[in-house]
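A.B. asks: Provided below: entry_28.json, containing JSON, C-alpha atoms.
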[["chain", "number", "residue", "atom", "x", "y", "z"],
["A", 1, "MET", "CA", -24.48, 13.35, 9.99],
["A", 2, "ALA", "CA", -26.34, 13.07, 6.72],
["A", 3, "GLY", "CA", -23.66, 15.13, 5.01],
["A", 4, "ILE", "CA", -20.89, 12.86, 6.24],
["A", 5, "ASN", "CA", -22.72, 9.76, 5.08],
["A", 6, "GLU", "CA", -23.39, 11.26, 1.68],
["A", 7, "LEU", "CA", -19.71, 12.08, 1.29],
["A", 8, "SER", "CA", -18.65, 8.55, 2.30],
["A", 9, "GLY", "CA", -21.26, 7.16, -0.05],
["A", 10, "LEU", "CA", -19.69, 9.02, -2.95],
["A", 11, "GLU", "CA", -16.20, 7.94, -1.89],
["A", 12, "ASP", "CA", -17.25, 4.31, -2.00],
["A", 13, "GLU", "CA", -19.16, 4.48, -5.26],
["A", 14, "ASP", "CA", -16.45, 2.41, -7.01],
["A", 15, "ILE", "CA", -16.87, -0.41, -4.47],
["A", 16, "ARG", "CA", -20.64, -0.32, -4.77],
["A", 17, "ARG", "CA", -20.40, -0.48, -8.55],
["A", 18, "LEU", "CA", -18.19, -3.58, -8.35],
["A", 19, "LEU", "CA", -20.61, -5.18, -5.91],
["A", 20, "ALA", "CA", -23.55, -4.45, -8.19],
["A", 21, "LYS", "CA", -21.69, -6.31, -10.96],
["A", 22, "GLY", "CA", -21.13, -9.26, -8.63],
["A", 23, "GLN", "CA", -17.37, -8.64, -8.50],
["A", 24, "THR", "CA", -17.07, -9.33, -4.79],
["A", 25, "ALA", "CA", -13.35, -10.11, -4.61],
["A", 26, "PRO", "CA", -12.07, -6.87, -6.22],
["A", 27, "ALA", "CA", -14.67, -4.91, -4.23],
["A", 28, "PHE", "CA", -13.38, -6.50, -1.03],
["A", 29, "ASP", "CA", -9.75, -5.71, -1.96],
["A", 30, "LEU", "CA", -10.65, -2.04, -2.39],
["A", 31, "LEU", "CA", -12.62, -2.06, 0.84],
["A", 32, "VAL", "CA", -9.72, -3.56, 2.81],
["A", 33, "ASP", "CA", -7.29, -1.09, 1.31],
["A", 34, "ARG", "CA", -9.52, 1.85, 2.16],
["A", 35, "TYR", "CA", -10.77, 0.85, 5.59],
["A", 36, "GLN", "CA", -8.14, -1.35, 7.22],
["A", 37, "ASN", "CA", -6.43, 1.40, 9.20],
["A", 38, "ARG", "CA", -9.71, 3.04, 10.16],
["A", 39, "VAL", "CA", -11.14, -0.25, 11.42],
["A", 40, "PHE", "CA", -7.89, -0.89, 13.29],
["A", 41, "ARG", "CA", -8.03, 2.54, 14.94],
["A", 42, "LEU", "CA", -11.66, 2.04, 15.88],
["A", 43, "ALA", "CA", -10.73, -1.30, 17.45],
["A", 44, "LEU", "CA", -7.77, 0.31, 19.21],
["A", 45, "SER", "CA", -10.05, 2.93, 20.73],
["A", 46, "PHE", "CA", -12.22, 0.14, 22.15],
["A", 47, "LEU", "CA", -9.55, -2.34, 23.19],
["A", 48, "ARG", "CA", -6.51, -0.14, 24.01],
["A", 49, "ASP", "CA", -4.16, -2.89, 22.92],
["A", 50, "ARG", "CA", -2.52, -2.93, 19.49],
["A", 51, "ALA", "CA", -2.23, -6.71, 19.18],
["A", 52, "LYS", "CA", -5.84, -7.25, 20.22],
["A", 53, "ALA", "CA", -7.03, -4.44, 17.97],
["A", 54, "GLU", "CA", -5.25, -6.04, 15.03],
["A", 55, "ASP", "CA", -6.81, -9.45, 15.77],
["A", 56, "VAL", "CA", -10.25, -7.88, 16.02],
["A", 57, "ALA", "CA", -9.67, -6.02, 12.75],
["A", 58, "GLN", "CA", -8.90, -9.41, 11.15],
["A", 59, "ASP", "CA", -12.14, -10.85, 12.53],
["A", 60, "ALA", "CA", -14.10, -7.82, 11.38],
["A", 61, "PHE", "CA", -12.80, -8.14, 7.81],
["A", 62, "LEU", "CA", -13.56, -11.86, 7.76],
["A", 63, "LYS", "CA", -17.12, -11.05, 8.82],
["A", 64, "LEU", "CA", -17.29, -8.34, 6.18],
["A", 65, "TRP", "CA", -16.14, -10.82, 3.54],
["A", 66, "ARG", "CA", -18.82, -13.32, 4.58],
["A", 67, "ALA", "CA", -21.50, -10.62, 4.62],
["A", 68, "LEU", "CA", -20.42, -8.68, 1.53],
["A", 69, "ARG", "CA", -22.67, -10.58, -0.88],
["A", 70, "ARG", "CA", -25.63, -9.72, 1.33],
["A", 71, "TYR", "CA", -24.82, -5.99, 1.49],
["A", 72, "ASP", "CA", -28.00, -4.38, 0.17],
["A", 73, "GLY", "CA", -26.87, -0.76, 0.00],
["A", 74, "ARG", "CA", -29.51, 0.51, 2.42],
["A", 75, "ALA", "CA", -26.82, 1.88, 4.76],
["A", 76, "THR", "CA", -23.74, 3.59, 3.35],
["A", 77, "LEU", "CA", -20.81, 1.25, 3.03],
["A", 78, "SER", "CA", -18.82, 3.04, 5.73],
["A", 79, "THR", "CA", -21.74, 2.91, 8.19],
["A", 80, "TRP", "CA", -22.15, -0.81, 7.47],
["A", 81, "ILE", "CA", -18.41, -1.47, 7.92],
["A", 82, "TYR", "CA", -18.18, 0.49, 11.16],
["A", 83, "THR", "CA", -21.28, -1.24, 12.54],
["A", 84, "ILE", "CA", -19.74, -4.67, 11.93],
["A", 85, "ALA", "CA", -16.40, -3.47, 13.32],
["A", 86, "ARG", "CA", -18.01, -2.03, 16.47],
["A", 87, "ASN", "CA", -20.00, -5.20, 17.07],
["A", 88, "THR", "CA", -16.86, -7.30, 16.64],
["A", 89, "CYS", "CA", -15.08, -5.12, 19.21],
["A", 90, "LEU", "CA", -17.98, -5.39, 21.65],
["A", 91, "ASN", "CA", -18.10, -9.18, 21.23],
["A", 92, "GLN", "CA", -14.38, -9.34, 21.92],
["A", 93, "ILE", "CA", -14.78, -7.20, 25.02],
["A", 94, "ARG", "CA", -17.61, -9.45, 26.20],
["A", 95, "ARG", "CA", -15.52, -12.56, 25.53],
["A", 96, "ASP", "CA", -12.57, -11.21, 27.46],
["A", 97, "SER", "CA", -14.79, -9.88, 30.22],
["A", 98, "TYR", "CA", -12.93, -6.70, 29.48],
["A", 99, "ARG", "CA", -14.52, -4.41, 31.96],
["A", 100, "ILE", "CA", -12.94, -1.38, 33.49],
["A", 101, "ALA", "CA", -14.90, 0.59, 35.97],
["A", 102, "LEU", "CA", -13.55, 4.09, 35.88],
["A", 103, "SER", "CA", -14.62, 6.79, 38.22],
["A", 104, "LEU", "CA", -13.74, 10.33, 39.05],
["A", 105, "ASP", "CA", -12.21, 9.01, 42.31],
["A", 106, "ALA", "CA", -9.71, 7.05, 40.24],
["A", 107, "ALA", "CA", -8.97, 10.19, 38.28],
["A", 108, "GLY", "CA", -8.22, 11.94, 41.56],
["A", 109, "ASP", "CA", -5.80, 9.19, 42.56],
["A", 110, "VAL", "CA", -3.89, 9.56, 39.33],
["A", 111, "ALA", "CA", -3.72, 13.33, 39.66],
["A", 112, "ASP", "CA", -2.58, 13.10, 43.28],
["A", 113, "SER", "CA", 0.28, 10.81, 42.39],
["A", 114, "ARG", "CA", 1.77, 13.33, 39.97],
["A", 115, "SER", "CA", 4.57, 15.68, 40.90],
["A", 116, "ASP", "CA", 5.49, 17.02, 37.44],
["A", 117, "ALA", "CA", 2.97, 19.17, 35.58],
["A", 118, "SER", "CA", 4.26, 18.37, 32.10],
["A", 119, "PRO", "CA", 2.73, 15.14, 30.77],
["A", 120, "THR", "CA", 4.95, 12.66, 28.97],
["A", 121, "THR", "CA", 3.41, 10.16, 26.56],
["A", 122, "LYS", "CA", 3.48, 7.50, 29.27],
["A", 123, "ASP", "CA", 1.78, 9.82, 31.75],
["A", 124, "CYS", "CA", -0.88, 10.63, 29.16],
["A", 125, "THR", "CA", -1.80, 6.98, 28.78],
["A", 126, "ALA", "CA", -2.10, 6.65, 32.55],
["A", 127, "LEU", "CA", -4.24, 9.78, 32.76],
["A", 128, "LEU", "CA", -6.53, 8.54, 29.99],
["A", 129, "GLU", "CA", -7.22, 5.39, 31.97],
["A", 130, "ALA", "CA", -8.78, 7.56, 34.62],
["A", 131, "LEU", "CA", -11.35, 9.10, 32.29],
["A", 132, "PRO", "CA", -14.92, 7.80, 31.97],
["A", 133, "GLU", "CA", -14.99, 5.20, 29.19],
["A", 134, "LYS", "CA", -16.90, 7.16, 26.53],
["A", 135, "ASN", "CA", -14.85, 10.32, 27.05],
["A", 136, "ARG", "CA", -11.64, 8.33, 26.83],
["A", 137, "GLN", "CA", -12.73, 6.53, 23.69],
["A", 138, "VAL", "CA", -13.80, 9.72, 21.88],
["A", 139, "LEU", "CA", -10.58, 11.51, 22.86],
["A", 140, "THR", "CA", -8.42, 8.56, 21.76],
["A", 141, "LEU", "CA", -10.21, 8.11, 18.46],
["A", 142, "PHE", "CA", -10.09, 11.86, 17.80],
["A", 143, "TYR", "CA", -6.30, 11.79, 17.96],
["A", 144, "LEU", "CA", -6.02, 8.43, 16.16],
["A", 145, "GLN", "CA", -8.08, 9.90, 13.32],
["A", 146, "GLU", "CA", -5.92, 13.01, 13.19],
["A", 147, "LYS", "CA", -8.48, 15.32, 14.75],
["A", 148, "SER", "CA", -11.55, 14.70, 12.65],
["A", 149, "TYR", "CA", -14.85, 15.22, 14.47],
["A", 150, "GLU", "CA", -16.68, 13.85, 11.43],
["A", 151, "GLU", "CA", -14.75, 10.59, 11.27],
["A", 152, "VAL", "CA", -15.17, 9.97, 15.00],
["A", 153, "ALA", "CA", -18.90, 10.72, 14.77],
["A", 154, "GLU", "CA", -19.35, 8.26, 11.93],
["A", 155, "MET", "CA", -17.15, 5.55, 13.41],
["A", 156, "LEU", "CA", -18.94, 5.65, 16.76],
["A", 157, "ASN", "CA", -22.36, 6.40, 15.25],
["A", 158, "MET", "CA", -22.64, 9.50, 17.40],
["A", 159, "PRO", "CA", -23.87, 13.05, 16.62],
["A", 160, "LEU", "CA", -21.11, 15.64, 16.08],
["A", 161, "GLY", "CA", -22.26, 17.67, 19.08],
["A", 162, "THR", "CA", -21.97, 14.61, 21.34],
["A", 163, "VAL", "CA", -18.46, 13.91, 20.04],
["A", 164, "LYS", "CA", -17.48, 17.48, 20.78],
["A", 165, "SER", "CA", -18.93, 17.44, 24.28],
["A", 166, "HIS", "CA", -17.25, 14.11, 25.17],
["A", 167, "LEU", "CA", -13.99, 15.41, 23.78],
["A", 168, "HIS", "CA", -14.04, 18.71, 25.63],
["A", 169, "ARG", "CA", -15.15, 17.08, 28.84],
["A", 170, "ALA", "CA", -12.22, 14.69, 28.58],
["A", 171, "LYS", "CA", -9.80, 17.54, 27.92],
["A", 172, "ARG", "CA", -11.12, 19.59, 30.82],
["A", 173, "MET", "CA", -10.79, 16.60, 33.13],
["A", 174, "LEU", "CA", -7.25, 15.93, 31.98],
["A", 175, "ALA", "CA", -6.33, 19.59, 32.53],
["A", 176, "ALA", "CA", -7.82, 19.39, 36.02],
["A", 177, "MET", "CA", -5.71, 16.28, 36.75],
["A", 178, "LEU", "CA", -2.58, 18.16, 35.70],
["A", 179, "LYS", "CA", -3.14, 20.98, 38.19],
["A", 180, "PRO", "CA", -0.44, 20.89, 40.86],
["B", 1, "MET", "CA", -18.21, 35.92, 28.24],
["B", 2, "ASP", "CA", -16.82, 34.23, 31.31],
["B", 3, "CYS", "CA", -13.77, 31.95, 31.71],
["B", 4, "THR", "CA", -15.79, 28.83, 30.74],
["B", 5, "ASP", "CA", -16.66, 30.44, 27.40],
["B", 6, "TYR", "CA", -13.06, 31.48, 26.76],
["B", 7, "GLN", "CA", -11.85, 27.98, 27.65],
["B", 8, "GLU", "CA", -14.37, 26.49, 25.21],
["B", 9, "ARG", "CA", -12.92, 28.71, 22.50],
["B", 10, "ILE", "CA", -9.43, 27.59, 23.45],
["B", 11, "LEU", "CA", -10.52, 23.95, 23.14],
["B", 12, "GLU", "CA", -12.07, 24.59, 19.73],
["B", 13, "ALA", "CA", -8.87, 26.25, 18.55],
["B", 14, "MET", "CA", -6.93, 23.23, 19.83],
["B", 15, "ASP", "CA", -9.25, 20.92, 17.89],
["B", 16, "GLN", "CA", -8.20, 22.89, 14.80],
["B", 17, "LEU", "CA", -11.73, 24.02, 14.20],
["B", 18, "SER", "CA", -10.49, 27.58, 14.03],
["B", 19, "PRO", "CA", -7.10, 28.65, 12.66],
["B", 20, "GLY", "CA", -5.83, 30.04, 15.96],
["B", 21, "VAL", "CA", -6.83, 31.60, 19.25],
["B", 22, "ASP", "CA", -8.89, 34.66, 18.37],
["B", 23, "PRO", "CA", -7.92, 38.18, 19.53],
["B", 24, "ALA", "CA", -10.68, 38.31, 22.16],
["B", 25, "VAL", "CA", -9.32, 35.15, 23.78],
["B", 26, "GLU", "CA", -5.76, 36.47, 23.54],
["B", 27, "ALA", "CA", -6.84, 39.68, 25.28],
["B", 28, "HIS", "CA", -8.51, 37.63, 28.02],
["B", 29, "LEU", "CA", -5.41, 35.42, 28.43],
["B", 30, "SER", "CA", -3.25, 38.49, 28.99],
["B", 31, "HIS", "CA", -4.98, 39.22, 32.28],
["B", 32, "CYS", "CA", -6.48, 35.85, 33.39],
["B", 33, "GLU", "CA", -4.02, 33.54, 35.07],
["B", 34, "THR", "CA", -6.54, 30.64, 35.32],
["B", 35, "CYS", "CA", -7.18, 30.60, 31.59],
["B", 36, "ARG", "CA", -3.47, 31.01, 30.84],
["B", 37, "GLY", "CA", -2.82, 27.89, 32.93],
["B", 38, "PHE", "CA", -5.66, 26.10, 31.16],
["B", 39, "PHE", "CA", -4.27, 27.09, 27.75],
["B", 40, "ALA", "CA", -0.75, 25.90, 28.67],
["B", 41, "ALA", "CA", -2.09, 22.58, 30.00],
["B", 42, "GLN", "CA", -4.12, 22.06, 26.82],
["B", 43, "GLN", "CA", -1.11, 22.77, 24.62],
["B", 44, "MET", "CA", 0.95, 20.19, 26.54],
["B", 45, "LEU", "CA", -1.84, 17.64, 26.39],
["B", 46, "ASP", "CA", -2.37, 18.22, 22.69],
["B", 47, "GLN", "CA", 1.30, 17.60, 21.95],
["B", 48, "ALA", "CA", 1.47, 14.50, 24.15],
["B", 49, "LEU", "CA", -1.75, 12.99, 22.73],
["B", 50, "SER", "CA", -0.70, 13.70, 19.15],
["B", 51, "ALA", "CA", 2.65, 12.01, 19.81],
["B", 52, "GLU", "CA", 0.91, 9.04, 21.39],
["B", 53, "PHE", "CA", -1.84, 8.39, 18.87],
["B", 54, "ALA", "CA", -1.57, 10.28, 15.59],
["B", 55, "GLY", "CA", -1.34, 8.07, 12.55],
["B", 56, "ALA", "CA", -1.44, 4.68, 14.28],
["B", 57, "ARG", "CA", -1.25, 2.08, 11.53],
["B", 58, "LEU", "CA", -1.59, -1.65, 11.18],
["B", 59, "SER", "CA", 1.45, -3.88, 11.00],
["B", 60, "ARG", "CA", 2.70, -4.79, 7.52],
["B", 61, "GLN", "CA", 1.70, -8.42, 8.02],
["B", 62, "PHE", "CA", -1.98, -7.56, 8.36],
["B", 63, "SER", "CA", -2.85, -8.01, 4.68],
["B", 64, "THR", "CA", -0.87, -11.26, 4.43],
["B", 65, "HIS", "CA", -2.60, -12.66, 7.51],
["B", 66, "LEU", "CA", -5.98, -11.59, 6.19],
["B", 67, "ARG", "CA", -5.32, -13.33, 2.85],
["B", 68, "GLN", "CA", -4.27, -16.51, 4.71],
["B", 69, "ASN", "CA", -7.36, -16.37, 6.90],
["B", 70, "LEU", "CA", -9.60, -15.91, 3.86],
["B", 71, "GLN", "CA", -7.99, -18.89, 2.11],
["B", 72, "ARG", "CA", -8.45, -21.02, 5.24],
["B", 73, "GLU", "CA", -12.03, -19.82, 5.43],
["B", 74, "SER", "CA", -12.83, -20.71, 1.79],
["B", 75, "SER", "CA", -11.31, -24.21, 2.13],
["B", 76, "ALA", "CA", -13.23, -24.63, 5.38],
["B", 77, "THR", "CA", -16.45, -23.66, 3.60],
["B", 78, "TRP", "CA", -15.80, -26.28, 0.91],
["B", 79, "LEU", "CA", -14.99, -28.92, 3.53],
["B", 80, "GLU", "CA", -18.06, -28.04, 5.55],
["B", 81, "LEU", "CA", -20.16, -29.07, 2.54],
["B", 82, "LEU", "CA", -18.23, -32.29, 2.01],
["B", 83, "PRO", "CA", -20.05, -34.41, 4.65],
["B", 84, "ASP", "CA", -23.40, -33.45, 3.08],
["B", 85, "VAL", "CA", -22.15, -34.40, -0.38],
["B", 86, "LEU", "CA", -20.83, -37.67, 0.98],
["B", 87, "ASN", "CA", -24.10, -38.37, 2.77],
["B", 88, "LEU", "CA", -25.87, -38.11, -0.59],
["B", 89, "ALA", "CA", -23.27, -40.28, -2.28],
["B", 90, "GLY", "CA", -23.60, -42.80, 0.56],
["B", 91, "ALA", "CA", -27.36, -42.94, 0.09],
["B", 92, "GLY", "CA", -26.80, -43.63, -3.62],
["B", 93, "ALA", "CA", -24.23, -46.33, -2.88],
["B", 94, "LEU", "CA", -26.56, -47.95, -0.35],
["B", 95, "ALA", "CA", -29.37, -48.03, -2.91],
["B", 96, "ALA", "CA", -26.96, -49.56, -5.47],
["B", 97, "TRP", "CA", -25.82, -52.17, -2.94],
["B", 98, "ALA", "CA", -29.43, -53.04, -2.01],
["B", 99, "SER", "CA", -30.44, -53.50, -5.64],
["B", 100, "ALA", "CA", -27.25, -55.52, -6.28],
["B", 101, "GLN", "CA", -28.57, -58.09, -3.80],
["B", 102, "PHE", "CA", -30.99, -59.12, -6.52],
["B", 103, "SER", "CA", -28.37, -59.27, -9.25],
["B", 104, "ASP", "CA", -26.94, -62.57, -10.51],
["B", 105, "GLU", "CA", -23.56, -60.95, -11.22],
["B", 106, "PRO", "CA", -21.18, -61.25, -8.23],
["B", 107, "TRP", "CA", -19.03, -58.27, -9.39],
["B", 108, "VAL", "CA", -22.06, -55.94, -9.10],
["B", 109, "LEU", "CA", -22.50, -56.86, -5.44],
["B", 110, "ALA", "CA", -18.75, -56.58, -4.73],
["B", 111, "GLY", "CA", -18.48, -53.27, -6.59],
["B", 112, "SER", "CA", -21.43, -51.66, -4.84],
["B", 113, "PHE", "CA", -20.15, -52.87, -1.45],
["B", 114, "THR", "CA", -16.70, -51.35, -2.14],
["B", 115, "LEU", "CA", -18.34, -48.06, -3.19],
["B", 116, "LEU", "CA", -20.45, -48.00, -0.03],
["B", 117, "ALA", "CA", -17.42, -48.70, 2.20],
["B", 118, "SER", "CA", -15.33, -46.00, 0.47],
["B", 119, "VAL", "CA", -18.01, -43.34, 0.83],
["B", 120, "ALA", "CA", -18.52, -44.25, 4.50],
["B", 121, "SER", "CA", -14.77, -43.94, 5.19],
["B", 122, "LEU", "CA", -14.55, -40.56, 3.40],
["B", 123, "LEU", "CA", -17.58, -39.36, 5.36],
["B", 124, "VAL", "CA", -15.94, -40.22, 8.70],
["B", 125, "LEU", "CA", -12.65, -38.59, 7.67],
["B", 126, "SER", "CA", -14.32, -35.40, 6.41],
["B", 127, "ARG", "CA", -16.35, -35.05, 9.61],
["B", 128, "GLN", "CA", -13.17, -35.37, 11.66],
["B", 129, "HIS", "CA", -11.49, -32.71, 9.52],
["B", 130, "VAL", "CA", -14.41, -30.30, 9.85],
["B", 131, "GLU", "CA", -14.40, -30.79, 13.62],
["B", 132, "GLU", "CA", -10.68, -29.97, 13.67],
["B", 133, "LEU", "CA", -11.30, -26.81, 11.65],
["B", 134, "GLU", "CA", -14.12, -25.74, 13.95],
["B", 135, "ASP", "CA", -11.82, -26.13, 16.98]]
Spit out the file's structure as structure tokens when you get a sec.
C.D. replies:
Amino acid sequence: MAGINELSGLEDEDIRRLLAKGQTAPAFDLLVDRYQNRVFRLALSFLRDRAKAEDVAQDAFLKLWRALRRYDGRATLSTWIYTIARNTCLNQIRRDSYRIALSLDAAGDVADSRSDASPTTKDCTALLEALPEKNRQVLTLFYLQEKSYEEVAEMLNMPLGTVKSHLHRAKRMLAAMLKP
Amino acid sequence: MDCTDYQERILEAMDQLSPGVDPAVEAHLSHCETCRGFFAAQQMLDQALSAEFAGARLSRQFSTHLRQNLQRESSATWLELLPDVLNLAGAGALAAWASAQFSDEPWVLAGSFTLLASVASLLVLSRQHVEELED
């Protein structure tokens, strides 16, 4: 994890330099440009709804703007951004009482209802709903981030090994659901 | 190695951690129907999930909306301070009006009363506006 953070730290050196000079507005523009899609994808992995994810991304960037002057550089910029983004997502989920209790029984129901072994995109979405929440989120974010373990680990503040085990567990469960 | 180990290698290959399925796995697949089925299922899933999620991007309006929200936010911040500024101004006007009571000039009393009334009206209006923004 340290390696990832160091890399992100170097990537964001230009933003940090602007912030050190008190140039908050240009620093924020760069930050938005660099992180808007990543924050959106992170929100999408939490909320599963594009419109909601976009609204939450807006909220997260407004919070980042308010907090930017207080950014003290103790955490890397990416870690700080993802922390605010994750908290904004969790607040939204709390506000919406967005709770889905998934169980392996539900996964069984989905698998039982299938007659065709080849999953279409629509089927995939339905199958994902049957996965335990963390496994589903890691799998979704892995594909949203174009298969980067490192990005997923940083965005969810999770060790690489944990990302890998959630991901493979999800894939094994999906394969099991597809068995005729 | 048993089937679980081979399947783990298949998953790692699918995650693009290794360039392809290694020869040992290929040899195993040639005689293990279970792992062949697992490999086929993973290939289908990988294609479907990539099609569903890869490269999801924000709408084009996102930046425009964000700029609008930031502008609204900065004007709201300014307006949030306005009642406090007007409170101070009101205190000043009240002091001026009180001291004008002792003045022999009628225009001083009238002027300070007008100032006090204006500040009070602005204070009420600004509070209403801030409440609207907070809603």
A.B. asks: From the set A:Leu47, A:Ala85, A:Leu141, A:Val163, which residue has the shortest atom-to-atom contact distance to chain B, counting all atoms listed in the file?
C.D. replies: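 Between A:Leu47, A:Ala85, A:Leu141, A:Val163, the residue approaching chain B most closely is A:Leu141.
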A.B. asks: Find the residue from A:Asn91, A:Thr162, A:Ser45, A:Gln145 that sits nearest to chain B; use only C-alpha atoms when measuring.
C.D. replies: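 The answer is A:Gln145, which sits nearest to chain B.
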A.B. asks: Counting only C-alpha atoms, which of B:Thr64, B:Gln128, B:Ser118, B:Gln42 gets nearest to Arg9 in chain B?
C.D. replies: B:Gln42
A.B. asks: Leaving out Thr114 in chain B and any residue of its chain fewer than 4 positions from it, which residues lie within 12 Å of it when counting all atoms listed in the file, given as a list in words?
C.D. replies: Gly90, Ala93, Leu94, Ala96, Trp97, Trp107, Val108, Leu109, Ala110, Ser118, Val119, Ala120 and Ser121 of chain B
A.B. asks: Kindly save the residues from that selection, with C-alpha atoms included, as a PDB file, in the frame of the given file.
C.D. replies:
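Heads up, here's the output in out-v8.pdb:
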ATOM      1  CA  GLY B  90     -23.600 -42.800   0.560  1.00  0.00           C
ATOM      2  CA  ALA B  93     -24.230 -46.330  -2.880  1.00  0.00           C
ATOM      3  CA  LEU B  94     -26.560 -47.950  -0.350  1.00  0.00           C
ATOM      4  CA  ALA B  96     -26.960 -49.560  -5.470  1.00  0.00           C
ATOM      5  CA  TRP B  97     -25.820 -52.170  -2.940  1.00  0.00           C
ATOM      6  CA  TRP B 107     -19.030 -58.270  -9.390  1.00  0.00           C
ATOM      7  CA  VAL B 108     -22.060 -55.940  -9.100  1.00  0.00           C
ATOM      8  CA  LEU B 109     -22.500 -56.860  -5.440  1.00  0.00           C
ATOM      9  CA  ALA B 110     -18.750 -56.580  -4.730  1.00  0.00           C
ATOM     10  CA  SER B 118     -15.330 -46.000   0.470  1.00  0.00           C
ATOM     11  CA  VAL B 119     -18.010 -43.340   0.830  1.00  0.00           C
ATOM     12  CA  ALA B 120     -18.520 -44.250   4.500  1.00  0.00           C
ATOM     13  CA  SER B 121     -14.770 -43.940   5.190  1.00  0.00           C
TER      14      SER B 121
END
A.B. asks: Write out as a JSON list (two decimals) with C-alpha atoms, in the frame of the given file every residue belonging to chain B that has an atom at most 7 Å from any atom of chain A, counting all atoms listed in the file.
C.D. replies:
[["chain", "number", "residue", "atom", "x", "y", "z"],
["B", 11, "LEU", "CA", -10.52, 23.95, 23.14],
["B", 15, "ASP", "CA", -9.25, 20.92, 17.89],
["B", 38, "PHE", "CA", -5.66, 26.10, 31.16],
["B", 41, "ALA", "CA", -2.09, 22.58, 30.00],
["B", 42, "GLN", "CA", -4.12, 22.06, 26.82],
["B", 44, "MET", "CA", 0.95, 20.19, 26.54],
["B", 45, "LEU", "CA", -1.84, 17.64, 26.39],
["B", 48, "ALA", "CA", 1.47, 14.50, 24.15],
["B", 49, "LEU", "CA", -1.75, 12.99, 22.73],
["B", 50, "SER", "CA", -0.70, 13.70, 19.15],
["B", 52, "GLU", "CA", 0.91, 9.04, 21.39],
["B", 53, "PHE", "CA", -1.84, 8.39, 18.87],
["B", 54, "ALA", "CA", -1.57, 10.28, 15.59],
["B", 55, "GLY", "CA", -1.34, 8.07, 12.55],
["B", 56, "ALA", "CA", -1.44, 4.68, 14.28],
["B", 57, "ARG", "CA", -1.25, 2.08, 11.53],
["B", 58, "LEU", "CA", -1.59, -1.65, 11.18],
["B", 66, "LEU", "CA", -5.98, -11.59, 6.19],
["B", 70, "LEU", "CA", -9.60, -15.91, 3.86]]
A.B. asks: Set the distance at 12 Å and use all atoms listed in the file: which residues neighbour range 22-28 of chain A once local chain neighbours fewer than 3 positions away are removed? I'd like the list as a ChimeraX atom specification.
C.D. replies: /A:12-19,31-36,61-71,77,81 /B:66-67,70
A.B. asks: Fewer than 5 positions away in the same chain doesn't count, so skip those; otherwise give me all residues within 10 Å of range 27-30 of chain B, counting only C-alpha atoms, as a list in words.
C.D. replies: Met1, Asp2, Cys3, Tyr6, Gln7, Asp22, Cys35, Arg36, Gly37, Phe38 and Phe39 of chain B
A.B. asks: Restrict the selected residues to C-alpha atoms and save them as a PDB file, in the frame of the given file.
C.D. replies:
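The resulting part_19.pdb:
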ATOM      1  CA  MET B   1     -18.210  35.920  28.240  1.00  0.00           C
ATOM      2  CA  ASP B   2     -16.820  34.230  31.310  1.00  0.00           C
ATOM      3  CA  CYS B   3     -13.770  31.950  31.710  1.00  0.00           C
ATOM      4  CA  TYR B   6     -13.060  31.480  26.760  1.00  0.00           C
ATOM      5  CA  GLN B   7     -11.850  27.980  27.650  1.00  0.00           C
ATOM      6  CA  ASP B  22      -8.890  34.660  18.370  1.00  0.00           C
ATOM      7  CA  CYS B  35      -7.180  30.600  31.590  1.00  0.00           C
ATOM      8  CA  ARG B  36      -3.470  31.010  30.840  1.00  0.00           C
ATOM      9  CA  GLY B  37      -2.820  27.890  32.930  1.00  0.00           C
ATOM     10  CA  PHE B  38      -5.660  26.100  31.160  1.00  0.00           C
ATOM     11  CA  PHE B  39      -4.270  27.090  27.750  1.00  0.00           C
TER      12      PHE B  39
END
A.B. asks: When you draw a straight line from CA of Tyr82 in chain A to CA of Met155 in chain A, how long is it in Å?
C.D. replies: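 Taking CA of Tyr82 in chain A as the start and CA of Met155 in chain A as the end point, the length is 5.6 Å.
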A.B. asks: When you draw a straight line from CA of Met158 in chain A to CA of Thr79 in chain A, how long is it in Å?
C.D. replies: 11.4 Å
A.B. asks: If you measure from CA of Ile93 in chain A to CA of Leu156 in chain A, what distance in Å do you get, rounded to one decimal?
C.D. replies: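 These two atoms are separated by 15.8 Å.
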A.B. asks: Would you pick out the contacts of range 133-135 of chain A at 8 Å or less, using only C-alpha atoms, so that residues sharing its chain but fewer than 6 positions from it are not included, and give the list as a ChimeraX atom specification?
C.D. replies: /A:102,166-167,169-170
A.B. asks: Restricting it to C-alpha atoms, dump the selection as a PDB file, keeping the file's coordinate frame.
C.D. replies:
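As written to disk, part_30.pdb reads:
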ATOM      1  CA  LEU A 102     -13.550   4.090  35.880  1.00  0.00           C
ATOM      2  CA  HIS A 166     -17.250  14.110  25.170  1.00  0.00           C
ATOM      3  CA  LEU A 167     -13.990  15.410  23.780  1.00  0.00           C
ATOM      4  CA  ARG A 169     -15.150  17.080  28.840  1.00  0.00           C
ATOM      5  CA  ALA A 170     -12.220  14.690  28.580  1.00  0.00           C
TER       6      ALA A 170
END
A.B. asks: Quick one: of B:Ala51, B:Thr4, B:Arg72, B:Ala95, who's nearest to Cys32 in chain B, counting only C-alpha atoms?
C.D. replies: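 Checking each candidate against Cys32 in chain B, we get B:Thr4 as the closest.
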